[in-house]
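What follows is a single structure, written as structure tokens, with notes after it.
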Amino acid sequence: MVTLFSVGRALRGALVWIILAALAVVVLYPLVWMFLNGFKTNAELFGNPFALPTHFGWENFAAAWQQGVGSFVLTSVSLTVLATLITEAISAWAAYGLTRIQIPMNRAFTVLILAGLMLAPTVALVPLVKMFQSLGLYNTFLGLLILYTAFRIPFTVFLIRAYMLDLPREVDEAASIDGASKTATFWRIILPMSKPIIITTIVLNVLTNWNEYLFAMVFTSGTGLQTLPVGLADLMSKNGTQYPLVFAGMVMAALPMVILFFVCQRYFIRGLAGGVGK
Amino acid sequence: MTSAPASVRHVAESAPPVRTRPDARSVPHWRNVVWLIPALAVLAVFVYWPLLQNLVFSFLKWNIYSGAQTFVGGQNYMELATDPIFRKALLNNVWYAAISIVFQVFGALLLAAIIESVKSERLRKAFRSIYFIPSAISLTVAGLLFYFIYQPQTGMLDTFLTNLGLGQYAQAWLGHENTAIFAIVAMSQWQGFGYSVLLFSVALQRIPLELYEAAAIDGIGPIRRFLSISMPLVREMTSLMMIVTISGAFQVFNEVMVMTSGGPNNSSQVLGTWLYHAGFITNDFGYAAAIGVAIFVITLILAALQLWVSHRKRVEW
């Protein structure tokens, strides 16, 4: 009886390990394959897909960088950094206004800002393009920056606001008695106290902006302003492409975010959990 | 309200009594709205205004050559109702949602429970992290990667099937009308399930261990423990994940665009790509706007559901 029981337990343990390990292989193998393909030649790539590259050199990565990926990275990095910073500033201000000071019709404003959470960017695509064309923002860096910022504000305010609501009220009172203005209280007390959620939202916004595709594709035409996702997709669809170069580019697009995830895992999880309402 | 730290309380109590005017902070003042103005202005101009315009556009028709607009009433919506590709796209979104619920909600919950049953904390963390990696890389990169995996003959999937002696199943996964959308959905499960696993793990960790221990002492097996402890206690997370997943499924765009652009023969169109097609390939702006309204209504209903779920009383323990 006892032995039967323990055999059953061992079997179950083995099953758990088989499931978990098999899934890990299913997840990791395509990623490793992607990485390895960055070192292959076109002939190797279309030969046996399971074969290892015959030699490991960074030529494909260098060539990909030369043939556009360098410029895609530059666009993506500047867009991601600027959009994230502006989104954080605007959202933190708004969250402070909504939580720490008295504003008439506070509830209405809160709803107005947070309602943006449920809007899919596709819905307003046609009017946005028309508007940007008439404002001269279509196919400009500024245009993309505005879109990236605007559509991330509701989510960012949502997370920062929830955090600021929980900070003790007495902090502001003490600051005000010490003669600090609201602006000083925000910069010197509330913002530093909100550092954990600020980091969380930065991490999530960087991930979203770096990977964004819809706006980057629809609001740019041709070369010069392509972000990494759009540039890579274009490179792929060109005739006579050296596919290993595209793989090299894909690795360069994916790696920073994977590293970011591992470095900032704690903040990722907090934000993701908060994002679906805990 | 938690009590203030002693030092703060001390400051508050020793505040000079000469202060007769109430603190400006405690009185609502319109001047304070300046804090909200940047956010409100950006949202009003670039989010809400286009949304309203889209509604107006959906009642108009554009002359492609002259650019003249005419009011056509509900004509775009009539077209929508009779457009077989719109119906196909909607159906594909529904498939997307249904399959994602199976894998990214229930599959992920089961998997999270399996991971949490592993003894070693480091291994649990390792598995969760590995499964999350595809969610950190973009859908574009994942889509391009699977475009290659699905390549006929030379692709990894077909080569794998052939090596297993299942060569008769090898095919151009993205090139056939029957398989294209499902190949894309499969990629999306690969890309997104780790995200759900991570969230379910967080929810499961909040359940007190004593509940499981007590059940184990009573001789209740792991499957019953999962069904009668884990499942009910993460019900709220499950409902929320369900709505987030469905809502995401109706907003799909990126992976379809990258992998098939809606082809072959429009078989893998989804609402998002069909809107793009109408708006920017055939330049039928009014019709694209009507598709936009359809997406808006669907996501609005789902958002309302989400609010309802998150305001419902939580399971207490």
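Each chain in the structure tokens gets a letter, A, B and so on, in the order shown; residues start at 1 in every chain, and ligands are counted from 1 in the order they appear.
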Per-residue nearest contacts of chain A to chain B (6 Å; only C-alpha atoms) as CSV:
residue,atom,partner,partner_atom,distance
A:Phe46,CA,B:Thr154,CA,5.7
A:Pro49,CA,B:Met156,CA,5.8
A:Ile90,CA,B:Ala39,CA,5.8
A:Trp93,CA,B:Trp35,CA,5.5
A:Ala94,CA,B:Leu36,CA,4.6
A:Gly97,CA,B:Trp35,CA,5.2
A:Ile101,CA,B:Arg25,CA,5.6
A:Gln102,CA,B:Pro28,CA,4.4
A:Ile103,CA,B:Pro28,CA,4.7
A:Pro104,CA,B:Pro28,CA,5.1
A:Val123,CA,B:Gly292,CA,4.3
A:Ala124,CA,B:Leu51,CA,5.1
A:Pro127,CA,B:Pro50,CA,5.3
A:Leu128,CA,B:Pro50,CA,5.8
A:Ala150,CA,B:Val42,CA,5.9
A:Asn211,CA,B:Ser138,CA,4.9
A:Pro229,CA,B:Thr140,CA,5.8
A:Met250,CA,B:Val141,CA,5.8
A:Ala254,CA,B:Ile137,CA,4.8
A:Met257,CA,B:Ala136,CA,5.7
A:Val258,CA,B:Ala136,CA,5.8
A:Ala273,CA,B:Leu199,CA,5.9
Residue neighbourhood Tyr148 of chain A, 10 Å, only C-alpha atoms, exclusion window fewer than 6 positions, as a VMD selection string: chain A and resid 79 to 80 82 to 84 86 to 87 142 205 208 to 209 212 215 to 216
Polymer residues at most 12 Å from Thr140 of chain A, only C-alpha atoms, same-chain spacing of 6 or more positions, as a list in words: Thr75, Leu79, Val129, Phe132, Gln133, Ile146, Leu147, Phe215, Ala216, Val218, Phe219, Thr220, Ser221, Gly222, Thr223, Gly224, Leu225 and Gln226 of chain A
Point-to-point distance from atom CA of Leu260 of chain A to atom CA of Ser188 of chain B, Å rounded to tenths: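 Going from atom CA of Leu260 of chain A over to atom CA of Ser188 of chain B, I get 21.4 Å.
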